[in-house]
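Data first, discussion second: the structure below is written as structure tokens.
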Amino acid sequence: MLESLNIAKLLDVYAIPWGIKIAAALAIFVLGRWVARMILKVVDKLLNKAGMDVMLVNFVHSIVNALLLLFIVIASLDQLGVNTTSFIALIGAAGLAVGLALQGSLQNFASGVLLIVFRPFNVGHFIEAGGTAGVVEEIGIFSTRMKTGDNREIIVPNGAIYGGTIINNSARDTRRIDMVFGIGYGDDIKKAKEVMQSILDADARILKEPVALIAVAELADSSVNFAVRPWVNSGDYWGVKFAVTEKIKLAFDDAGISIPYPQMDLHIDKPES
């Protein structure tokens with residue numbers, strides 16, 4: 001009889017209350033996971049609809065999933081009677097310590113997210129940023145990988161890119177080539193302009209609109225300098241620049257137009273005897 005009473009007391013005091021708490025905690029966990037999946041689906045749908053990068057969508061999905069799971073676990077433990085206040089404080093302290101230790105990495109991460117969201121450049125663009133220049137091959141969460149013209153690979157921290165000036169040479173369909181050519185003061189200016197204009201007109205890669213500029217830009221110490229500024233498609237920039245430079249030099253030689261170079265005239269006065 002006494003043994004039956006003890007069993008009934010154990011059931012009333014421990015088994016039944018704890019059973020209810022465990023069942024409630026499991027219900028909170030299961031229901032919470034279901035709600036979390038619904039929230040994640042909505043988040044993924046909104047991000048994909050906004051045209052976000054796949055890498056950013058997956059990253060945000062992981063972060064939101066981890067936060068929701070942490071919230072569900074804390075709610076389940078609270079239902080079991082665990083003191084979650086100290087648990088939350090411990091997580092906060094650990095997060096602060098990790099944040100201080102990874103301060104540079106977090107800066108690169110934040111910059112990576114901003115680069116992916118605002119897209120100042122895309123893969124395949126030729127940019128100047130972070131103290132270097134190259135064609136973008138990959139935009140990562142922490143760093144951006146670029147390829148130089150001589151086929152070297154450069155990995156630049158995103159913080160260095162987003163925290164400085166970004167020059168995107170591929171953002172526009174067309175570019176202007178700025179070149180300077182000097183002729184001697186004794187040469188015919190009109191003839192030089194005609195020679196340069198004929199070279200620009202003969203190159204099909206040079207756009208007709210906007211009209212290329214050929215004008216006297218400076219009367220320098222030893223030369224009359226012309227500003228030559230044709231417009232081309234961005235992909236033709238370097239090819240046209242190199243070709244026009246060579247053709248103008250050859251054409252000047254054929255036309256007898258000199259290209260001065262810096263020189264110094266030395267005059268020696270003979271002492272009077």
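Simple scheme: letters A, B, ... for chains in structure tokens order, numbers from 1 for residues in each chain, numbers from 1 for ligands in the order shown.
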Among range 8-229 of chain A, which residues does DSSP mark as strand (DSSP E or B) when it is run on the backbone? Keep the chain and numbering as in the structure and answer as number ranges by chain. A: 126-129, 132-139, 143-147, 153-157, 167-168, 174-176, 179-183, 206, 213-219, 224-229
Quick one: residues within 9 Å of range 20-37 of chain A, only C-alpha atoms, excluding same-chain residues fewer than 2 positions away - as a ChimeraX atom specification? /A:15-18,39-42,64-65,68-69,71-73,75-81
Point-to-point distance from CA of Gly186 in chain A to CA of Ala212 in chain A, Å rounded to tenths: 25.4 Å
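Across A:Leu250, A:Met179, A:Val211, A:Ala160, the tightest approach to Ser105 in chain A is made by A:Ala160 when counting only C-alpha atoms.
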Using only C-alpha atoms, which residues of range 100-213 of chain A come within 12 Å of range 243-249 of chain A, and what is the closest atom pair for each, with the distance in Å to one decimal? Give it as CSV, sorted by chain and residue number.
```
residue,atom,partner,partner_atom,distance
A:Ile177,CA,A:Val244,CA,10.2
A:Asp178,CA,A:Thr245,CA,11.1
A:Met179,CA,A:Thr245,CA,8.2
A:Val180,CA,A:Thr245,CA,9.4
A:Phe181,CA,A:Ile248,CA,8.6
A:Gly182,CA,A:Lys249,CA,10.4
A:Ile183,CA,A:Lys249,CA,10.6
A:Ala192,CA,A:Ile248,CA,9.5
A:Lys193,CA,A:Ile248,CA,10.5
A:Glu194,CA,A:Ile248,CA,11.0
A:Val195,CA,A:Ile248,CA,7.6
A:Met196,CA,A:Ile248,CA,6.3
A:Gln197,CA,A:Ile248,CA,9.7
A:Ser198,CA,A:Ile248,CA,9.6
A:Ile199,CA,A:Ile248,CA,7.1
A:Leu200,CA,A:Val244,CA,7.4
A:Asp201,CA,A:Val244,CA,10.8
A:Ala202,CA,A:Val244,CA,10.2
A:Asp203,CA,A:Val244,CA,8.4
A:Ala204,CA,A:Val244,CA,11.7
A:Arg205,CA,A:Ala243,CA,10.8
A:Ile206,CA,A:Val244,CA,10.1
```
Selected residue, from A:Asn58, A:Val232, A:Val216, A:Asn158, that lies nearest to Phe109 in chain A when counting only C-alpha atoms: A:Asn158
Of A:Ile257, A:Leu207, A:Leu213, A:Ala171, the one sitting nearest Phe121 in chain A when using only C-alpha atoms is A:Ala171
I'd like a table as a tab-separated table: residues in range 217-260 of chain A with an atom no more than 12 Å from range 126-130 of chain A, each row giving the shortest atom pair and its distance in Å to one decimal, only C-alpha atoms counted, sorted by chain and rising residue number.
```
residue	atom	partner	partner_atom	distance
A:Ser234	CA	A:Phe126	CA	10.0
A:Gly235	CA	A:Phe126	CA	10.1
A:Tyr237	CA	A:Phe126	CA	11.7
```
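The space separating CA of Ala220 in chain A from CA of Ile259 in chain A comes to 12.5 Å.
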Figure out the distance between CA of Val60 in chain A and CA of Lys45 in chain A, please, to one decimal in Å. 11.9 Å
